[in-house]
$ cat model-v7.tsv   # TSV, C-alpha atoms
chain	number	residue	atom	x	y	z
Q	1273	MET	CA	16.11	52.89	29.59
Q	1274	ASP	CA	14.07	55.02	31.99
Q	1275	LEU	CA	10.77	55.78	30.23
Q	1276	PHE	CA	9.22	57.62	33.16
Q	1277	PRO	CA	10.21	61.15	32.02
Q	1278	VAL	CA	8.78	60.43	28.54
Q	1279	LEU	CA	5.55	58.92	29.86
Q	1280	LYS	CA	5.10	61.75	32.35
Q	1281	GLU	CA	5.32	64.26	29.50
Q	1282	LEU	CA	2.92	62.34	27.24
Q	1283	ALA	CA	0.33	61.24	29.80
Q	1284	GLN	CA	-3.12	62.79	29.60
Q	1285	LYS	CA	-6.23	62.35	31.72
Q	1286	THR	CA	-9.17	60.63	30.00
Q	1287	PRO	CA	-12.37	58.98	31.31
Q	1288	SER	CA	-11.36	55.55	29.96
Q	1289	LYS	CA	-10.78	52.74	32.46
Q	1290	ILE	CA	-8.00	50.14	32.51
Q	1291	LEU	CA	-8.33	46.82	34.34
Q	1292	LEU	CA	-5.20	44.71	34.86
Q	1293	ILE	CA	-5.91	41.21	36.19
Q	1294	VAL	CA	-2.89	39.30	37.47
Q	1295	LEU	CA	-3.36	35.56	37.82
Q	1296	ASP	CA	-0.37	34.94	40.05
Q	1297	GLY	CA	1.98	32.25	38.76
Q	1298	VAL	CA	-0.48	31.30	36.00
Q	1299	GLY	CA	2.09	29.94	33.53
Q	1300	GLY	CA	2.66	26.20	33.70
Q	1301	LEU	CA	4.19	23.09	32.16
Q	1302	PRO	CA	2.79	19.67	31.21
Q	1303	LEU	CA	3.29	16.91	33.75
Q	1304	GLU	CA	4.53	14.64	30.96
Q	1305	PRO	CA	5.73	15.25	27.39
Q	1306	GLY	CA	2.83	16.03	25.07
Q	1307	GLY	CA	0.40	16.61	27.91
Q	1308	PRO	CA	-1.50	19.82	28.69
Q	1309	THR	CA	-0.36	22.68	30.88
Q	1310	GLU	CA	-2.67	23.72	33.71
Q	1311	LEU	CA	-4.25	26.39	31.50
Q	1312	GLU	CA	-4.76	23.90	28.67
Q	1313	ALA	CA	-6.31	21.33	31.01
Q	1314	ALA	CA	-8.74	23.85	32.52
Q	1315	LYS	CA	-12.30	24.23	31.18
Q	1316	THR	CA	-12.48	27.98	30.57
Q	1317	PRO	CA	-15.40	28.82	28.27
Q	1318	ASN	CA	-15.45	32.47	29.28
Q	1319	LEU	CA	-11.71	33.00	28.80
Q	1320	ASP	CA	-11.95	31.16	25.48
Q	1321	ARG	CA	-14.74	33.44	24.28
Q	1322	LEU	CA	-12.80	36.49	25.40
Q	1323	ALA	CA	-9.62	35.27	23.67
Q	1324	GLU	CA	-11.45	35.05	20.34
Q	1325	GLU	CA	-12.15	38.80	20.44
Q	1326	SER	CA	-8.84	39.86	21.98
Q	1327	ALA	CA	-5.16	39.98	21.07
Q	1328	LEU	CA	-2.76	37.57	22.74
Q	1329	GLY	CA	0.97	37.27	23.16
Q	1330	LEU	CA	3.67	36.05	25.51
Q	1331	LEU	CA	5.22	38.16	28.25
Q	1332	THR	CA	8.56	37.67	29.98
Q	1333	PRO	CA	7.99	39.41	33.31
Q	1334	VAL	CA	11.58	40.41	34.10
Q	1335	TYR	CA	14.28	38.98	31.82
Q	1336	PRO	CA	14.78	35.77	29.80
Q	1337	GLY	CA	16.10	32.98	31.98
Q	1338	LEU	CA	15.37	34.70	35.30
Q	1339	ALA	CA	12.72	33.21	37.56
Q	1340	PRO	CA	11.33	36.34	39.22
Q	1341	GLY	CA	9.94	36.78	42.68
Q	1342	SER	CA	6.50	38.31	42.93
Q	1343	GLY	CA	7.99	41.70	43.78
Q	1344	PRO	CA	10.00	42.29	40.58
Q	1345	GLY	CA	7.36	40.47	38.54
Q	1346	HIS	CA	4.62	42.84	39.66
Q	1347	LEU	CA	6.74	45.98	39.54
Q	1348	ALA	CA	7.54	45.22	35.91
Q	1349	LEU	CA	3.83	44.85	35.11
Q	1350	PHE	CA	3.25	48.27	36.68
Q	1351	GLY	CA	5.96	49.69	34.39
Q	1352	TYR	CA	8.78	49.90	36.95
Q	1353	ASP	CA	12.14	48.55	35.78
Q	1354	PRO	CA	12.74	45.76	38.34
Q	1355	PHE	CA	16.52	46.20	38.09
Q	1356	ARG	CA	16.25	49.91	38.83
Q	1357	HIS	CA	13.44	49.82	41.40
Q	1358	VAL	CA	14.41	47.12	43.86
Q	1359	VAL	CA	12.49	46.34	47.05
Q	1360	GLY	CA	12.78	43.49	49.51
Q	1361	ARG	CA	9.94	41.21	50.48
Q	1362	GLY	CA	10.09	42.33	54.09
Q	1363	ALA	CA	9.32	45.94	53.21
Q	1364	LEU	CA	6.43	44.85	50.98
Q	1365	SER	CA	4.87	42.84	53.79
Q	1366	ALA	CA	5.32	45.73	56.23
Q	1367	LEU	CA	3.68	48.21	53.85
Q	1368	GLY	CA	0.87	45.81	53.00
Q	1369	LEU	CA	0.08	45.13	56.66
Q	1370	GLY	CA	0.18	48.81	57.57
Q	1371	ALA	CA	2.79	47.96	60.22
Q	1372	ASP	CA	4.66	50.55	62.24
Q	1373	PHE	CA	7.59	50.63	59.79
Q	1374	ARG	CA	9.95	53.54	60.43
Q	1375	GLU	CA	13.00	55.03	58.79
Q	1376	GLY	CA	16.00	52.95	59.88
Q	1377	ASP	CA	13.96	49.80	60.60
Q	1378	VAL	CA	14.74	46.52	58.84
Q	1379	ALA	CA	11.78	44.32	57.88
Q	1380	LEU	CA	11.98	40.60	57.13
Q	1381	ARG	CA	9.35	38.26	55.69
Q	1382	GLY	CA	9.20	35.05	57.68
Q	1383	ASN	CA	7.85	31.58	56.97
Q	1384	PHE	CA	6.92	29.33	59.84
Q	1385	ALA	CA	8.50	25.99	58.98
Q	1386	THR	CA	8.64	22.45	60.32
Q	1387	LEU	CA	12.14	21.39	61.38
Q	1388	ALA	CA	13.31	17.90	62.36
Q	1389	GLU	CA	16.85	16.96	63.37
Q	1390	GLY	CA	18.01	20.40	62.31
Q	1391	LYS	CA	16.63	20.18	58.77
Q	1392	VAL	CA	13.64	21.70	57.02
Q	1393	VAL	CA	10.86	19.16	56.56
Q	1394	ASP	CA	8.17	21.60	55.40
Q	1395	ARG	CA	8.96	25.19	54.37
Q	1396	ARG	CA	5.36	26.26	55.06
Q	1397	ALA	CA	4.58	24.25	58.21
Q	1398	GLY	CA	1.58	22.59	56.55
Q	1399	ARG	CA	0.03	25.98	55.66
Q	1400	PRO	CA	-1.53	26.59	59.10
Q	1401	SER	CA	-4.61	28.73	59.53
Q	1402	THR	CA	-4.15	32.44	60.13
Q	1403	GLU	CA	-5.64	31.89	63.60
Q	1404	GLU	CA	-2.89	29.38	64.41
Q	1405	ASN	CA	-0.35	31.87	63.11
Q	1406	GLN	CA	-1.75	34.52	65.48
Q	1407	ARG	CA	-1.53	32.15	68.44
Q	1408	VAL	CA	2.14	31.39	67.78
Q	1409	ILE	CA	2.97	35.04	67.09
Q	1410	ALA	CA	1.51	35.91	70.51
Q	1411	LYS	CA	3.98	33.45	72.10
Q	1412	LEU	CA	6.89	35.02	70.25
Q	1413	LYS	CA	5.87	38.56	71.14
Q	1414	GLU	CA	5.87	37.69	74.82
Q	1415	ALA	CA	9.10	35.68	74.76
Q	1416	ILE	CA	11.26	37.79	72.41
Q	1417	PRO	CA	10.71	41.54	72.81
Q	1418	ARG	CA	14.34	42.25	71.87
Q	1419	ILE	CA	17.65	40.71	70.85
Q	1420	GLU	CA	20.61	42.54	72.40
Q	1421	ASP	CA	19.73	46.25	72.03
Q	1422	VAL	CA	17.37	45.71	69.07
Q	1423	GLU	CA	13.59	45.74	69.46
Q	1424	VAL	CA	11.82	42.84	67.75
Q	1425	HIS	CA	8.27	43.39	66.50
Q	1426	PHE	CA	6.23	40.41	65.22
Q	1427	TYR	CA	3.17	40.59	62.95
Q	1428	THR	CA	0.91	37.88	61.57
Q	1429	GLU	CA	0.60	38.04	57.79
Q	1430	SER	CA	-1.46	34.98	56.75
Q	1431	GLU	CA	-1.24	31.20	56.98
Q	1432	HIS	CA	2.49	30.38	57.40
Q	1433	ARG	CA	3.65	33.91	56.64
Q	1434	PHE	CA	4.69	36.50	59.21
Q	1435	LEU	CA	6.65	39.72	59.46
Q	1436	VAL	CA	9.46	40.80	61.75
Q	1437	ILE	CA	10.57	44.42	62.10
Q	1438	LEU	CA	13.93	45.07	63.75
Q	1439	ARG	CA	14.39	48.51	65.32
Q	1440	GLY	CA	17.63	49.83	66.74
Q	1441	GLU	CA	20.86	51.64	66.01
Q	1442	GLY	CA	23.29	50.49	63.33
Q	1443	LEU	CA	20.99	48.26	61.28
Q	1444	GLU	CA	21.34	47.88	57.51
Q	1445	ASP	CA	19.53	45.51	55.17
Q	1446	GLN	CA	22.26	43.90	53.07
Q	1447	VAL	CA	21.93	40.40	54.52
Q	1448	THR	CA	21.24	37.04	52.87
Q	1449	ASP	CA	18.12	34.92	53.37
Q	1450	THR	CA	17.96	31.98	55.76
Q	1451	ASP	CA	15.42	30.06	53.66
Q	1452	PRO	CA	17.22	27.26	51.75
Q	1453	GLN	CA	14.24	27.17	49.31
Q	1454	LYS	CA	13.99	23.37	49.54
Q	1455	THR	CA	13.42	20.66	52.11
Q	1456	GLY	CA	16.03	18.28	53.45
Q	1457	LEU	CA	18.50	21.07	54.19
Q	1458	PRO	CA	19.16	23.00	57.41
Q	1459	PRO	CA	18.13	26.67	57.59
Q	1460	LEU	CA	20.88	28.89	56.27
Q	1461	LYS	CA	22.81	31.37	58.37
Q	1462	ALA	CA	22.22	35.01	57.50
Q	1463	LYS	CA	25.38	36.60	56.11
Q	1464	ALA	CA	26.20	40.27	55.78
Q	1465	LEU	CA	26.88	41.47	52.25
Q	1466	ASP	CA	28.67	44.56	53.50
Q	1467	GLU	CA	30.35	45.66	56.72
Q	1468	ALA	CA	27.46	47.96	57.71
Q	1469	SER	CA	25.06	44.98	57.81
Q	1470	GLU	CA	27.14	42.76	60.12
Q	1471	LYS	CA	24.99	43.64	63.14
Q	1472	THR	CA	21.75	42.82	61.31
Q	1473	ALA	CA	23.06	39.41	60.23
Q	1474	ARG	CA	24.07	38.60	63.80
Q	1475	ILE	CA	20.66	39.65	65.16
Q	1476	VAL	CA	18.80	37.59	62.54
Q	1477	ASN	CA	20.81	34.47	63.41
Q	1478	LEU	CA	20.26	34.95	67.14
Q	1479	LEU	CA	16.56	35.52	66.47
Q	1480	SER	CA	16.30	32.29	64.48
Q	1481	GLU	CA	17.88	30.34	67.33
Q	1482	ARG	CA	15.65	31.97	69.92
Q	1483	ILE	CA	12.49	31.24	67.89
Q	1484	GLN	CA	13.40	27.54	67.75
Q	1485	GLU	CA	13.83	27.52	71.53
Q	1486	VAL	CA	10.46	29.18	72.14
Q	1487	LEU	CA	8.62	26.95	69.67
Q	1488	GLU	CA	10.27	23.62	70.47
Q	1489	ASP	CA	6.96	22.23	71.80
Q	1490	GLU	CA	5.03	23.12	68.62
Q	1491	PRO	CA	4.40	20.04	66.43
Q	1492	ARG	CA	4.70	21.82	63.06
Q	1493	MET	CA	5.42	25.55	63.50
Q	1494	ASN	CA	8.73	25.01	65.27
Q	1495	GLY	CA	11.11	27.11	63.21
Q	1496	ALA	CA	11.35	30.21	61.04
Q	1497	LEU	CA	12.89	30.96	57.66
Q	1498	PHE	CA	13.64	34.58	56.78
Q	1499	ARG	CA	14.01	36.39	53.48
Q	1500	GLY	CA	13.80	39.80	51.91
Q	1501	ALA	CA	15.49	41.94	54.58
Q	1502	SER	CA	14.78	45.51	53.56
Q	1503	LYS	CA	14.46	49.09	54.64
Q	1504	LYS	CA	11.65	51.42	53.59
Q	1505	PRO	CA	11.97	52.37	49.88
Q	1506	ARG	CA	10.59	55.39	48.01
Q	1507	PHE	CA	9.37	54.99	44.42
Q	1508	PRO	CA	7.72	57.38	41.91
Q	1509	ARG	CA	3.94	57.15	42.14
Q	1510	MET	CA	1.69	56.04	39.29
Q	1511	GLY	CA	-0.39	59.19	39.57
Q	1512	GLU	CA	2.68	61.34	38.99
Q	1513	VAL	CA	4.12	59.27	36.14
Q	1514	TYR	CA	1.01	58.14	34.26
Q	1515	GLY	CA	-1.61	60.67	35.36
Q	1516	LEU	CA	-3.78	57.81	36.65
Q	1517	THR	CA	-6.03	57.48	39.66
Q	1518	PRO	CA	-5.15	53.85	40.47
Q	1519	ALA	CA	-6.63	51.32	42.89
Q	1520	ALA	CA	-5.59	47.85	44.00
Q	1521	ILE	CA	-7.80	44.90	44.86
Q	1522	ALA	CA	-5.72	42.26	46.64
Q	1523	SER	CA	-5.97	40.15	49.80
Q	1524	TYR	CA	-2.39	39.28	50.73
Q	1525	PRO	CA	-0.21	41.89	52.43
Q	1526	MET	CA	2.72	41.61	50.05
Q	1527	TYR	CA	0.61	42.58	47.03
Q	1528	LYS	CA	-1.11	45.36	48.93
Q	1529	GLY	CA	2.37	46.57	49.87
Q	1530	LEU	CA	3.49	46.56	46.24
Q	1531	ALA	CA	0.42	48.54	45.24
Q	1532	SER	CA	0.80	51.15	47.97
Q	1533	LEU	CA	4.50	51.49	47.16
Q	1534	VAL	CA	3.66	52.73	43.64
Q	1535	GLY	CA	0.82	54.97	44.80
Q	1536	MET	CA	-2.31	52.85	44.37
Q	1537	GLU	CA	-5.14	53.14	46.86
Q	1538	VAL	CA	-5.59	49.70	48.39
Q	1539	LEU	CA	-9.32	48.93	48.60
Q	1540	PRO	CA	-10.76	46.85	51.45
Q	1541	VAL	CA	-11.77	43.31	50.50
Q	1542	GLU	CA	-14.25	41.16	52.42
Q	1543	GLY	CA	-13.48	37.50	53.07
Q	1544	GLU	CA	-10.57	35.22	53.91
Q	1545	GLY	CA	-7.86	33.79	51.66
Q	1546	ASP	CA	-8.12	34.71	47.99
Q	1547	ALA	CA	-11.68	36.06	48.57
Q	1548	LEU	CA	-12.56	36.29	44.87
Q	1549	GLU	CA	-16.20	37.16	45.56
Q	1550	GLY	CA	-15.07	39.90	47.96
Q	1551	LYS	CA	-12.67	41.23	45.35
Q	1552	LEU	CA	-15.41	41.28	42.73
Q	1553	LYS	CA	-17.65	43.19	45.15
Q	1554	ALA	CA	-14.89	45.74	45.82
Q	1555	LEU	CA	-14.37	46.19	42.07
Q	1556	LYS	CA	-18.07	46.81	41.44
Q	1557	GLU	CA	-18.51	49.19	44.37
Q	1558	ASN	CA	-15.52	51.33	43.41
Q	1559	TRP	CA	-15.78	51.18	39.61
Q	1560	GLY	CA	-16.76	54.83	39.26
Q	1561	ARG	CA	-13.98	56.21	41.47
Q	1562	TYR	CA	-10.79	55.16	39.65
Q	1563	ASP	CA	-9.44	54.86	36.11
Q	1564	PHE	CA	-6.95	52.03	36.73
Q	1565	PHE	CA	-7.59	48.83	38.68
Q	1566	TYR	CA	-5.10	46.11	39.62
Q	1567	PHE	CA	-7.00	42.89	40.46
Q	1568	HIS	CA	-4.89	40.13	42.01
Q	1569	VAL	CA	-5.67	36.38	42.11
Q	1570	LYS	CA	-3.29	34.48	44.39
Q	1571	LYS	CA	-4.26	30.81	44.62
Q	1572	THR	CA	-3.09	29.87	41.12
Q	1573	ASP	CA	0.43	30.47	42.42
Q	1574	ALA	CA	-0.13	28.69	45.75
Q	1575	MET	CA	-1.34	25.52	44.01
Q	1576	GLY	CA	1.68	25.60	41.69
Q	1577	GLU	CA	4.08	25.92	44.61
Q	1578	ASP	CA	2.39	22.97	46.32
Q	1579	GLY	CA	2.82	20.86	43.17
Q	1580	ASN	CA	-0.97	20.53	42.93
Q	1581	PHE	CA	-1.59	20.47	39.15
Q	1582	TRP	CA	-5.33	19.81	39.35
Q	1583	GLY	CA	-5.73	22.23	42.25
Q	1584	LYS	CA	-4.27	24.93	40.02
Q	1585	VAL	CA	-6.63	23.90	37.23
Q	1586	GLU	CA	-9.56	24.28	39.64
Q	1587	LYS	CA	-8.45	27.79	40.67
Q	1588	ILE	CA	-8.22	28.81	37.00
Q	1589	GLU	CA	-11.71	27.47	36.40
Q	1590	ARG	CA	-13.02	29.31	39.45
Q	1591	PHE	CA	-11.70	32.59	38.09
Q	1592	ASP	CA	-13.22	31.81	34.70
Q	1593	ALA	CA	-16.65	31.44	36.32
Q	1594	LEU	CA	-16.43	35.00	37.70
Q	1595	LEU	CA	-15.21	36.54	34.45
Q	1596	PRO	CA	-18.65	37.45	33.00
Q	1597	GLU	CA	-19.42	39.64	36.02
Q	1598	ILE	CA	-16.07	41.40	35.63
Q	1599	LEU	CA	-16.67	41.96	31.92
Q	1600	SER	CA	-20.15	43.37	32.61
Q	1601	LEU	CA	-18.47	46.46	34.07
Q	1602	GLY	CA	-17.23	47.32	30.58
Q	1603	PRO	CA	-13.54	48.14	31.03
Q	1604	ASP	CA	-12.21	50.10	28.05
Q	1605	VAL	CA	-8.91	48.22	28.25
Q	1606	LEU	CA	-8.57	44.81	29.88
Q	1607	ALA	CA	-5.34	42.86	30.33
Q	1608	ILE	CA	-5.03	39.39	31.86
Q	1609	THR	CA	-1.59	37.94	32.53
Q	1610	GLY	CA	0.70	36.64	35.28
Q	1611	ASP	CA	3.63	38.01	37.25
Q	1612	HIS	CA	5.59	34.80	36.62
Q	1613	SER	CA	5.06	31.12	35.89
Q	1614	THR	CA	4.69	28.59	38.72
Q	1615	PRO	CA	4.45	25.15	37.11
Q	1616	ALA	CA	3.12	22.47	39.45
Q	1617	LEU	CA	5.76	20.23	37.89
Q	1618	LEU	CA	8.53	22.38	39.40
Q	1619	LYS	CA	6.76	23.45	42.64
Q	1620	ALA	CA	8.47	26.82	42.25
Q	1621	HIS	CA	8.56	30.06	40.27
Q	1622	SER	CA	10.12	29.56	36.86
Q	1623	TRP	CA	11.59	31.59	34.01
Q	1624	HIS	CA	8.96	30.59	31.44
Q	1625	PRO	CA	6.98	33.38	29.73
Q	1626	VAL	CA	3.33	33.85	30.70
Q	1627	PRO	CA	0.38	34.37	28.34
Q	1628	LEU	CA	-0.95	37.90	27.93
Q	1629	LEU	CA	-4.49	38.76	26.79
Q	1630	LEU	CA	-5.40	42.30	25.76
Q	1631	LYS	CA	-8.96	43.45	25.04
Q	1632	ALA	CA	-9.25	47.01	23.71
Q	1633	PRO	CA	-11.16	48.91	21.00
Q	1634	TYR	CA	-8.35	49.19	18.43
Q	1635	LEU	CA	-6.77	45.78	18.00
Q	1636	ARG	CA	-5.63	43.73	15.05
Q	1637	ALA	CA	-7.25	40.32	14.84
Q	1638	ASP	CA	-5.08	37.28	15.48
Q	1639	GLU	CA	-5.29	33.50	15.38
Q	1640	ALA	CA	-5.25	32.79	19.12
Q	1641	ARG	CA	-8.43	31.15	20.38
Q	1642	ARG	CA	-7.68	30.28	24.02
Q	1643	PHE	CA	-5.85	31.90	26.93
Q	1644	THR	CA	-3.06	29.32	27.03
Q	1645	GLU	CA	0.69	29.35	26.58
Q	1646	ARG	CA	0.55	27.56	23.22
Q	1647	GLU	CA	-2.21	29.77	21.79
Q	1648	ALA	CA	-0.48	32.93	23.05
Q	1649	GLN	CA	2.49	32.07	20.80
Q	1650	ARG	CA	0.16	32.54	17.82
Q	1651	GLY	CA	-1.05	35.95	18.96
Q	1652	SER	CA	-0.48	39.33	17.34
Q	1653	LEU	CA	1.11	40.93	20.42
Q	1654	GLY	CA	4.29	38.92	19.93
Q	1655	HIS	CA	6.68	38.53	22.83
Q	1656	LEU	CA	6.93	41.44	25.28
Q	1657	ARG	CA	8.86	42.19	28.44
Q	1658	GLY	CA	6.92	43.08	31.56
Q	1659	VAL	CA	7.91	46.76	31.54
Q	1660	GLU	CA	6.45	47.14	28.04
Q	1661	LEU	CA	2.91	46.38	29.18
Q	1662	MET	CA	1.95	49.67	30.89
Q	1663	PRO	CA	2.73	51.91	27.87
Q	1664	LEU	CA	0.64	49.55	25.74
Q	1665	LEU	CA	-2.31	49.77	28.15
Q	1666	LEU	CA	-2.05	53.56	28.33
Q	1667	ALA	CA	-1.92	53.86	24.55
Q	1668	HIS	CA	-4.97	51.67	23.99
Q	1669	ALA	CA	-6.83	53.69	26.63
Q	1670	GLY	CA	-6.04	56.94	24.78
Q	1671	LYS	CA	-3.98	58.22	27.66
Q	1672	LEU	CA	-0.74	58.99	25.76
Q	1673	LEU	CA	-0.11	61.91	23.42
Q	1674	LYS	CA	2.10	61.58	20.33
Q	1675	TYR	CA	5.81	61.29	20.99
Q	1676	GLY	CA	8.02	63.73	19.08
Q	1677	ALA	CA	7.31	66.16	16.26
$ encode --input "model-v7.tsv" --output "structure tokens"
Amino acid sequence: MDLFPVLKELAQKTPSKILLIVLDGVGGLPLEPGGPTELEAAKTPNLDRLAEESALGLLTPVYPGLAPGSGPGHLALFGYDPFRHVVGRGALSALGLGADFREGDVALRGNFATLAEGKVVDRRAGRPSTEENQRVIAKLKEAIPRIEDVEVHFYTESEHRFLVILRGEGLEDQVTDTDPQKTGLPPLKAKALDEASEKTARIVNLLSERIQEVLEDEPRMNGALFRGASKKPRFPRMGEVYGLTPAAIASYPMYKGLASLVGMEVLPVEGEGDALEGKLKALKENWGRYDFFYFHVKKTDAMGEDGNFWGKVEKIERFDALLPEILSLGPDVLAITGDHSTPALLKAHSWHPVPLLLKAPYLRADEARRFTEREAQRGSLGHLRGVELMPLLLAHAGKLLKYGA
């Protein structure tokens, strides 16, 4: 069901402020039966105190049983049906980087990878520094300006991540990924999903081969895995649908791309990596200018994907330490949740629901006492789908009129 026409009719401007904090991949699993999840193992006195005066529940970001990518997971949290509003990872990276991304171009998100004897040994090439990424991208720019009649434009994203934009006649974006999503397998061949995308698939495969040739002397960054081929999408903007003046505080290009795609102003953030202190500074400095803030925390997800249980615990605890300064701003409505689960046990996104915490003036008390998966099951919010969160936030902020007579 498309709620946008209803919400657009009911939305009203108010001075209240909404803060949505997304702890990327925060949901987890115990390493052994009966053990704690990452959230349960973390020492989070500030989140615990907040949970006691908030309402909790579970949230399935996209659909039961589906392990969502960050794109559909986030779009659902912003109220966009992820089955109706579909965007590839390449386009998100291009938008987030502010790349020269034109109508007709095809963008692809790339991972530098380590290959040995034709197989993937490390899908992230040891997570190189962004400076190393820039050095290798400079080599590729010089060596591969085009494939056949198609221009090839390379951009550094961060660490192992990069962006390629293909520009030329006859390109479409219905091609499969080349990332096998696990080690011990060779990179996949891109395949066209329709006749119009045959040229793009051929160019991607030739590009993959050429990159391996150029990088054969690199010890770790000697191959590339591509996913998310996509053209430039157009989505309704949050200001039009919800009547909000929204801002995004994120460090990584993909999340900045998601935010700009739905009409948020992406605020500059000082610092490298997750830059939590820089994000907090940006939030404080811009608090008076917007009525909706999206605040993204990335490293919880990165630690889960690396299988680093205690590293993920440490990132949760680091966020908890900053929480009092965030709360001192006095958001009228505060939500803390995740865009998906990334259990360290699985080293991947999973289908498990994530906990949701909601702090607002008009809430019913519940029994939940910690921001954990188990406690969230006891909460008064019940079990929601991702797309149901935004109407709830708007309602608690007094930004929706009555529906119907």
$ closest_residue --input "model-v7.tsv" --among "Q:Gly1376, Q:Gly1658, Q:Gly1495, Q:Gly1398" --to "Glu1444 of chain Q" --atoms "all atoms listed in the file"
Q:Gly1376
$ atom_distance --input "model-v7.tsv" --atom1 "atom CA of Ile1521 of chain Q" --atom2 "atom CA of Glu1537 of chain Q"
8.9 Å
$ residues_around --input "model-v7.tsv" --residues "Glu1467 of chain Q" --least-positions-apart "6" --cutoff "12 Å" --atoms "only C-alpha atoms" --output "PyMOL selection string"
chain Q and resi 1442-1447+1473-1474
$ atom_distance --input "model-v7.tsv" --atom1 "atom CA of Leu1380 of chain Q" --atom2 "atom CA of Pro1505 of chain Q"
13.8 Å
$ closest_residue --input "model-v7.tsv" --among "Q:Leu1530, Q:Ala1385, Q:Leu1617, Q:Ala1547" --to "Gly1576 of chain Q" --atoms "all atoms listed in the file"
Q:Leu1617
$ residues_around --input "model-v7.tsv" --residues "Leu1369 of chain Q" --least-positions-apart "2" --cutoff "9 Å" --atoms "all atoms listed in the file" --output "ChimeraX atom specification"
/Q:1364-1367,1371,1427-1429,1435,1524-1526,1528-1529
$ atom_distance --input "model-v7.tsv" --atom1 "atom CA of Pro1302 of chain Q" --atom2 "atom CA of Leu1330 of chain Q"
17.4 Å
$ closest_residue --input "model-v7.tsv" --among "Q:Thr1316, Q:Asn1477, Q:Thr1332, Q:Thr1644" --to "Lys1587 of chain Q" --atoms "all atoms listed in the file"
Q:Thr1316
$ residues_around --input "model-v7.tsv" --residues "Ser1430 of chain Q" --least-positions-apart "6" --cutoff "10 Å" --atoms "all atoms listed in the file" --output "CSV table (one decimal) with C-alpha atoms, in the frame of the given file"
chain,number,residue,atom,x,y,z
Q,1383,ASN,CA,7.8,31.6,57.0
Q,1399,ARG,CA,0.0,26.0,55.7
Q,1400,PRO,CA,-1.5,26.6,59.1
Q,1401,SER,CA,-4.6,28.7,59.5
Q,1402,THR,CA,-4.2,32.4,60.1
Q,1403,GLU,CA,-5.6,31.9,63.6
Q,1404,GLU,CA,-2.9,29.4,64.4
Q,1405,ASN,CA,-0.4,31.9,63.1
Q,1406,GLN,CA,-1.8,34.5,65.5
Q,1523,SER,CA,-6.0,40.2,49.8
Q,1524,TYR,CA,-2.4,39.3,50.7
Q,1525,PRO,CA,-0.2,41.9,52.4
Q,1544,GLU,CA,-10.6,35.2,53.9
Q,1545,GLY,CA,-7.9,33.8,51.7
$ closest_residue --input "model-v7.tsv" --among "Q:Ser1622, Q:Gln1649, Q:Ser1613, Q:Asn1580" --to "Val1298 of chain Q" --atoms "only C-alpha atoms"
Q:Ser1613
$ closest_residue --input "model-v7.tsv" --among "Q:Pro1603, Q:Pro1625, Q:Gly1456, Q:Gly1360" --to "Ala1339 of chain Q" --atoms "all atoms listed in the file"
Q:Pro1625
$ residues_around --input "model-v7.tsv" --residues "Ala1667 of chain Q" --least-positions-apart "3" --cutoff "12 Å" --atoms "all atoms listed in the file" --output "number ranges by chain"
Q: 1279, 1282-1286, 1288-1290, 1514, 1604-1605, 1632-1635, 1660-1664, 1670-1675
$ closest_residue --input "model-v7.tsv" --among "Q:Tyr1562, Q:Val1486, Q:Val1659, Q:His1621" --to "Met1273 of chain Q" --atoms "all atoms listed in the file"
Q:Val1659
$ closest_atom_pairs --input "model-v7.tsv" --of "segment 1447-1485 of chain Q" --to "segment 1411-1418 of chain Q" --cutoff "10 Å" --atoms "only C-alpha atoms" --output "JSON lines"
{"residue": "Q:Ile1475", "atom": "CA", "partner": "Q:Arg1418", "partner_atom": "CA", "distance": 9.6}
{"residue": "Q:Leu1479", "atom": "CA", "partner": "Q:Ile1416", "partner_atom": "CA", "distance": 8.3}
{"residue": "Q:Arg1482", "atom": "CA", "partner": "Q:Ile1416", "partner_atom": "CA", "distance": 7.7}
{"residue": "Q:Ile1483", "atom": "CA", "partner": "Q:Leu1412", "partner_atom": "CA", "distance": 7.2}
{"residue": "Q:Glu1485", "atom": "CA", "partner": "Q:Ala1415", "partner_atom": "CA", "distance": 10.0}
$ residues_around --input "model-v7.tsv" --residues "Val1393 of chain Q" --least-positions-apart "4" --cutoff "6 Å" --atoms "all atoms listed in the file" --output "number ranges by chain"
Q: 1386-1387, 1455
$ write_last_selection --input "model-v7.tsv" --atoms "C-alpha atoms" --output "PDB file, in the frame of the given file"
ATOM      1  CA  THR Q1386       8.640  22.450  60.320  1.00  0.00           C
ATOM      2  CA  LEU Q1387      12.140  21.390  61.380  1.00  0.00           C
ATOM      3  CA  THR Q1455      13.420  20.660  52.110  1.00  0.00           C
TER       4      THR Q1455
END
$ residues_near_point --input "model-v7.tsv" --point "(10.1, 31.8, 27.3)" --cutoff "9 Å" --atoms "all atoms listed in the file" --output "PyMOL selection string"
chain Q and resi 1330-1332+1336-1337+1623-1626+1655
$ write_last_selection --input "model-v7.tsv" --atoms "C-alpha atoms" --output "short mmCIF file (atom, residue, chain, number, x, y, z; two decimals), keeping the file's coordinate frame"
data_model
loop_
_atom_site.label_atom_id
_atom_site.label_comp_id
_atom_site.auth_asym_id
_atom_site.auth_seq_id
_atom_site.Cartn_x
_atom_site.Cartn_y
_atom_site.Cartn_z
CA LEU Q 1330 3.67 36.05 25.51
CA LEU Q 1331 5.22 38.16 28.25
CA THR Q 1332 8.56 37.67 29.98
CA PRO Q 1336 14.78 35.77 29.80
CA GLY Q 1337 16.10 32.98 31.98
CA TRP Q 1623 11.59 31.59 34.01
CA HIS Q 1624 8.96 30.59 31.44
CA PRO Q 1625 6.98 33.38 29.73
CA VAL Q 1626 3.33 33.85 30.70
CA HIS Q 1655 6.68 38.53 22.83
#
